[in-house]
Amino acid sequence: MSDSPDRDERHRQRMQRKKAIVDEKIAQAQDEHGLLLVLTGNGKGKSSSAFGMAARSLGHGLQVGIVQFIKGARSTGEETFFRRFPEQVRYHVMGAGFTWETQDRQDDIAKAEAAWAVAVELMSDEAVALVVLDELNIALKYGYLPLEQVLQDIASRPMAQHVVVTGRGAPPALIEAADTVTEMGVVKHAFKSGIKAQKGVEF
């Protein structure tokens with residue numbers, strides 16, 4: 001397909017205007033501190049996004065802490081990978097599986113409380129640049145942990161530390177406290193077509 005010089009010129013001018021706007025926004029964004037990021041919604045990719053940030057932090061030579069609140073019944077590719085970096089990553093699998101599998105609310109509460117104690121320890125350590133709280137939203141949704149205490153502990157972390165919270169059904173108060181919130185939506189999912197979870201894309 002051959003484009004006209006006029007179209008090319010219009011494109012160049014549009015990109016010039018867009019660059020000026022983006023450059024101005026970058027110039028104005030001078031604040032720098034630890035962020036609270038919340039990844040929620042019914043779509044796939046919440047934990048994967050959080051683990052991507054963990055991998056990015058490793059690439060920058062930073063220390064990472066990971067606490068998994070619900071998962072734990074089976075080994076995952078993420079766990080296998082990040083355990084290769086014991087000097088940079090503190091990886092804690094604290095759950096016993098999905099709530100419909102455990103069917104034991106009191107045991108789920110005890111495990112969530114133990115996981116939160118580990119999370120607080122990580123969030124008290126200035127050497128840890130990024131803390132991933134995987135599926136914390138599920139623990140909050142079912143009332144396994146007191147939301148006000150969770151918010152207070154997160155707010156009390158070191159000023160430069162980033163925290164990522166994943167899971168469906170993020171409570172409004174957590175969303176309000178967050179700096180960045182992403183809601184993953186479902187367009188299509190293979191499982192609904194009868195395709196089982198597979199290594200590399202699901203676990």
# chains A, B, ... in the order shown; residues from 1 in each chain; ligands from 1
$ closest_atom_pairs --of "region 57-78 of chain A" --to "region 112-125 of chain A" --cutoff "10 Å" --atoms "only C-alpha atoms" --output "Markdown table"
| residue | atom | partner | partner_atom | distance |
| --- | --- | --- | --- | --- |
| A:Val64 | CA | A:Leu122 | CA | 8.9 |
| A:Gly65 | CA | A:Leu122 | CA | 6.3 |
| A:Ile66 | CA | A:Ala119 | CA | 8.1 |
| A:Val67 | CA | A:Ala119 | CA | 6.5 |
| A:Gln68 | CA | A:Ala115 | CA | 7.6 |
| A:Phe69 | CA | A:Ala112 | CA | 6.1 |
| A:Ile70 | CA | A:Ala112 | CA | 7.9 |
$ write_last_selection --atoms "C-alpha atoms" --output "PDB file, in the first residue's frame"
ATOM      1  CA  VAL A  64      11.692  -8.721  46.226  1.00  0.00           C
ATOM      2  CA  GLY A  65       9.289 -10.300  48.699  1.00  0.00           C
ATOM      3  CA  ILE A  66       6.378 -12.502  47.568  1.00  0.00           C
ATOM      4  CA  VAL A  67       3.552 -13.813  49.749  1.00  0.00           C
ATOM      5  CA  GLN A  68       0.848 -16.031  48.248  1.00  0.00           C
ATOM      6  CA  PHE A  69      -2.309 -16.018  50.358  1.00  0.00           C
ATOM      7  CA  ILE A  70      -4.562 -18.586  48.694  1.00  0.00           C
TER       8      ILE A  70
END
$ select_by_dssp --residues "region 5-148 of chain A" --states "strand (DSSP E)" --output "list of chain:residue names"
A:Leu36, A:Leu37, A:Val38, A:Leu39, A:Thr40, A:Gln63, A:Val64, A:Gly65, A:Ile66, A:Val67, A:Gln68, A:Val89, A:Arg90, A:Tyr91, A:His92, A:Val93, A:Val128, A:Ala129, A:Leu130, A:Val131, A:Val132, A:Leu133, A:Asp134
$ write_last_selection --atoms "N, CA and C atoms" --output "short mmCIF file (atom, residue, chain, number, x, y, z; two decimals), in the first residue's frame"
data_model
loop_
_atom_site.label_atom_id
_atom_site.label_comp_id
_atom_site.auth_asym_id
_atom_site.auth_seq_id
_atom_site.Cartn_x
_atom_site.Cartn_y
_atom_site.Cartn_z
N LEU A 36 1.49 1.86 45.77
CA LEU A 36 0.58 0.75 46.05
C LEU A 36 -0.20 0.49 44.77
N LEU A 37 0.00 -0.69 44.19
CA LEU A 37 -0.68 -1.06 42.95
C LEU A 37 -1.66 -2.19 43.24
N VAL A 38 -2.87 -2.07 42.72
CA VAL A 38 -3.90 -3.09 42.92
C VAL A 38 -4.30 -3.64 41.55
N LEU A 39 -4.23 -4.96 41.42
CA LEU A 39 -4.61 -5.65 40.19
C LEU A 39 -5.81 -6.53 40.51
N THR A 40 -6.97 -6.18 39.96
CA THR A 40 -8.19 -6.88 40.33
C THR A 40 -9.02 -7.17 39.08
N GLN A 63 15.69 -6.14 45.69
CA GLN A 63 15.19 -7.22 46.54
C GLN A 63 13.67 -7.28 46.43
N VAL A 64 13.13 -8.51 46.40
CA VAL A 64 11.69 -8.72 46.23
C VAL A 64 11.18 -9.68 47.30
N GLY A 65 9.98 -9.39 47.79
CA GLY A 65 9.29 -10.30 48.70
C GLY A 65 7.96 -10.70 48.09
N ILE A 66 7.63 -11.99 48.14
CA ILE A 66 6.38 -12.50 47.57
C ILE A 66 5.66 -13.34 48.62
N VAL A 67 4.38 -13.02 48.84
CA VAL A 67 3.55 -13.81 49.75
C VAL A 67 2.30 -14.22 48.99
N GLN A 68 2.05 -15.53 48.92
CA GLN A 68 0.85 -16.03 48.25
C GLN A 68 -0.16 -16.47 49.31
N VAL A 89 15.13 -12.91 46.23
CA VAL A 89 13.69 -13.10 46.38
C VAL A 89 13.38 -13.93 47.62
N ARG A 90 12.49 -13.39 48.44
CA ARG A 90 11.94 -14.15 49.57
C ARG A 90 10.54 -14.58 49.16
N TYR A 91 10.39 -15.87 48.90
CA TYR A 91 9.15 -16.39 48.33
C TYR A 91 8.43 -17.24 49.38
N HIS A 92 7.20 -16.85 49.72
CA HIS A 92 6.44 -17.54 50.77
C HIS A 92 5.08 -17.98 50.22
N VAL A 93 4.89 -19.29 50.14
CA VAL A 93 3.60 -19.85 49.74
C VAL A 93 2.86 -20.21 51.02
N VAL A 128 13.84 -4.41 51.08
CA VAL A 128 12.92 -5.02 50.11
C VAL A 128 12.24 -3.91 49.31
N ALA A 129 12.52 -3.88 48.02
CA ALA A 129 12.01 -2.80 47.16
C ALA A 129 10.58 -3.05 46.70
N LEU A 130 10.22 -4.32 46.52
CA LEU A 130 8.89 -4.66 46.01
C LEU A 130 8.33 -5.83 46.80
N VAL A 131 7.09 -5.68 47.26
CA VAL A 131 6.38 -6.76 47.95
C VAL A 131 5.14 -7.10 47.15
N VAL A 132 5.02 -8.37 46.75
CA VAL A 132 3.85 -8.86 46.02
C VAL A 132 2.97 -9.62 47.00
N LEU A 133 1.73 -9.18 47.15
CA LEU A 133 0.75 -9.83 48.03
C LEU A 133 -0.29 -10.49 47.13
N ASP A 134 0.02 -11.71 46.71
CA ASP A 134 -0.77 -12.40 45.70
C ASP A 134 -2.04 -12.98 46.30
#
$ residues_around --residues "Glu183 (chain A)" --least-positions-apart "3" --cutoff "12 Å" --atoms "only C-alpha atoms" --output "list in words"
Leu37, Val38, Leu39, Thr40, Gly41, Asn42, Gly43, Lys44, Gly45, Lys46, Ser49, Val165, Thr166, Gly167, Arg168, Gly169, Ala170, Ile175, Thr180 and Val186 of chain A
$ write_last_selection --atoms "C-alpha atoms" --output "compact mmCIF listing (two decimals), in the first residue's frame"
# COMPACT_ATOMS: atom_id res chain seq x y z
CA LEU A 37 -0.68 -1.06 42.95
CA VAL A 38 -3.90 -3.09 42.92
CA LEU A 39 -4.61 -5.65 40.19
CA THR A 40 -8.19 -6.88 40.33
CA GLY A 41 -11.13 -7.96 38.14
CA ASN A 42 -12.38 -11.29 36.82
CA GLY A 43 -9.96 -11.51 33.91
CA LYS A 44 -6.78 -13.52 33.64
CA GLY A 45 -3.40 -11.87 34.22
CA LYS A 46 -3.46 -10.29 37.68
CA SER A 49 1.36 -8.87 35.91
CA VAL A 165 -1.92 -6.56 45.65
CA THR A 166 -3.71 -9.05 43.41
CA GLY A 167 -7.02 -10.88 43.42
CA ARG A 168 -10.63 -10.47 42.40
CA GLY A 169 -12.98 -8.21 44.30
CA ALA A 170 -10.59 -5.60 45.66
CA ILE A 175 -8.82 0.87 45.68
CA THR A 180 -2.54 2.60 40.49
CA VAL A 186 -12.81 -11.18 30.61
$ atom_distance --atom1 "CA of Gln161 (chain A)" --atom2 "CA of Ala27 (chain A)"
23.0 Å
$ closest_residue --among "A:Ala55, A:Ala178, A:Met15, A:Ala197" --to "Ile154 (chain A)" --atoms "only C-alpha atoms"
A:Ala178
$ residues_around --residues "Leu140 (chain A)" --least-positions-apart "3" --cutoff "9 Å" --atoms "only C-alpha atoms" --output "VMD selection string"
chain A and resid 136 to 137 143 to 147 150 169 to 171
$ atom_distance --atom1 "CA of Ala127 (chain A)" --atom2 "CA of Ser75 (chain A)"
27.2 Å
$ atom_distance --atom1 "CA of Lys19 (chain A)" --atom2 "CA of Asp31 (chain A)"
21.0 Å
